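A.B. asks: Pasting start09.pdb here (PDB, C-alpha atoms, pLDDT in the B column):
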ATOM      1  CA  MET Z  17     -39.791   8.086 -54.781  1.00 46.00           C
ATOM      2  CA  PRO Z  18     -38.149   5.183 -52.979  1.00 50.00           C
ATOM      3  CA  TYR Z  19     -39.568   2.627 -55.409  1.00 52.00           C
ATOM      4  CA  LYS Z  20     -41.786   2.661 -58.475  1.00 60.00           C
ATOM      5  CA  GLY Z  21     -44.907   1.301 -56.767  1.00 62.00           C
ATOM      6  CA  SER Z  22     -45.150   4.186 -54.303  1.00 78.00           C
ATOM      7  CA  LYS Z  23     -46.320   6.921 -56.688  1.00 78.00           C
ATOM      8  CA  PRO Z  24     -50.025   5.877 -56.728  1.00 83.00           C
ATOM      9  CA  ILE Z  25     -49.996   5.653 -52.941  1.00 81.00           C
ATOM     10  CA  VAL Z  26     -48.378   9.080 -52.602  1.00 80.00           C
ATOM     11  CA  GLU Z  27     -50.864  10.580 -55.077  1.00 83.00           C
ATOM     12  CA  LYS Z  28     -53.825   9.149 -53.127  1.00 87.00           C
ATOM     13  CA  LEU Z  29     -52.490  10.381 -49.799  1.00 84.00           C
ATOM     14  CA  SER Z  30     -51.743  13.783 -51.310  1.00 84.00           C
ATOM     15  CA  ALA Z  31     -55.311  14.115 -52.610  1.00 88.00           C
ATOM     16  CA  GLU Z  32     -56.769  13.173 -49.223  1.00 90.00           C
ATOM     17  CA  ILE Z  33     -54.496  15.584 -47.363  1.00 87.00           C
ATOM     18  CA  ARG Z  34     -55.364  18.429 -49.768  1.00 88.00           C
ATOM     19  CA  ALA Z  35     -59.080  17.752 -49.204  1.00 91.00           C
ATOM     20  CA  CYS Z  36     -58.563  17.816 -45.439  1.00 90.00           C
ATOM     21  CA  MET Z  37     -56.530  21.016 -45.584  1.00 88.00           C
ATOM     22  CA  GLN Z  38     -59.396  22.755 -47.396  1.00 89.00           C
ATOM     23  CA  GLN Z  39     -61.989  21.969 -44.708  1.00 93.00           C
ATOM     24  CA  PRO Z  40     -63.080  25.165 -42.921  1.00 94.00           C
ATOM     25  CA  ASP Z  41     -62.533  23.702 -39.436  1.00 94.00           C
ATOM     26  CA  THR Z  42     -59.012  22.618 -40.360  1.00 92.00           C
ATOM     27  CA  VAL Z  43     -58.185  26.025 -41.855  1.00 91.00           C
ATOM     28  CA  GLN Z  44     -59.563  27.728 -38.733  1.00 94.00           C
ATOM     29  CA  LYS Z  45     -57.632  25.534 -36.297  1.00 94.00           C
ATOM     30  CA  ILE Z  46     -54.378  26.011 -38.196  1.00 93.00           C
ATOM     31  CA  ALA Z  47     -54.984  29.789 -38.243  1.00 94.00           C
ATOM     32  CA  GLU Z  48     -55.556  29.699 -34.465  1.00 96.00           C
ATOM     33  CA  LEU Z  49     -52.138  28.080 -34.160  1.00 96.00           C
ATOM     34  CA  GLY Z  50     -50.597  30.995 -36.084  1.00 96.00           C
ATOM     35  CA  ALA Z  51     -50.042  29.227 -39.386  1.00 93.00           C
ATOM     36  CA  THR Z  52     -51.592  29.257 -42.832  1.00 89.00           C
ATOM     37  CA  ALA Z  53     -53.102  26.095 -44.287  1.00 81.00           C
ATOM     38  CA  VAL Z  54     -51.450  25.323 -47.608  1.00 80.00           C
ATOM     39  CA  ALA Z  55     -51.772  22.068 -49.498  1.00 75.00           C
ATOM     40  CA  VAL Z  56     -49.772  21.343 -52.631  1.00 79.00           C
ATOM     41  CA  ASP Z  57     -49.344  18.361 -54.916  1.00 78.00           C
ATOM     42  CA  SER Z  58     -46.743  15.806 -53.947  1.00 76.00           C
ATOM     43  CA  GLU Z  59     -44.190  16.772 -56.603  1.00 79.00           C
ATOM     44  CA  PRO Z  60     -43.839  20.476 -55.623  1.00 81.00           C
ATOM     45  CA  PHE Z  61     -43.722  19.397 -51.985  1.00 77.00           C
ATOM     46  CA  ALA Z  62     -40.954  16.890 -52.733  1.00 77.00           C
ATOM     47  CA  ALA Z  63     -39.028  19.601 -54.604  1.00 80.00           C
ATOM     48  CA  CYS Z  64     -39.382  21.964 -51.640  1.00 77.00           C
ATOM     49  CA  ILE Z  65     -38.172  19.324 -49.188  1.00 76.00           C
ATOM     50  CA  ALA Z  66     -35.240  18.466 -51.479  1.00 80.00           C
ATOM     51  CA  SER Z  67     -34.191  22.126 -51.743  1.00 84.00           C
ATOM     52  CA  GLU Z  68     -34.444  22.608 -47.984  1.00 82.00           C
ATOM     53  CA  THR Z  69     -32.486  19.411 -47.344  1.00 81.00           C
ATOM     54  CA  GLU Z  70     -29.626  20.637 -49.556  1.00 74.00           C
ATOM     55  CA  ARG Z  71     -29.090  23.661 -47.291  1.00 67.00           C
TER
END
Can you give me the file's structure in the form of structure tokens?
C.D. replies:
Amino acid sequence: MPYKGSKPIVEKLSAEIRACMQQPDTVQKIAELGATAVAVDSEPFAACIASETER
């Protein structure tokens, strides 16, 4: 996190994005594009981005 005050904001955005990603129309549209809708909490996502950035 860039600064201490951002965690509540990130958590709120993460919750809203997860809710959106679970909507049937969103899942369907993403599938039509050839992808799979996956929504994870912010901390596993940050870990994934960090590991990919290190490569």
A.B. asks: Determine, counting all atoms listed in the file, which protein, DNA and RNA residues have an atom within 12 Å of an atom of range 57-64 of chain Z; residues of the same chain fewer than 3 positions away are not included. Present the result as a VMD selection string.
C.D. replies: chain Z and resid 17 22 to 35 54 67 to 71
A.B. asks: To one decimal place in Å, what is the distance between CA of Cys36 in chain Z and CA of Val56 in chain Z?
C.D. replies: 11.9 Å
A.B. asks: Could you tell me how far CA of Ala66 in chain Z lies from CA of Gln44 in chain Z, in Å and to one decimal?
C.D. replies: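 CA of Gln44 in chain Z lies at a distance of 29.0 Å from CA of Ala66 in chain Z.
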A.B. asks: Could you give me, as a ChimeraX atom specification, the residues that sit within 12 Å of (-55.7, 28.1, -45.3) in the file's coordinates, counting all atoms listed in the file?
C.D. replies: /Z:34-56
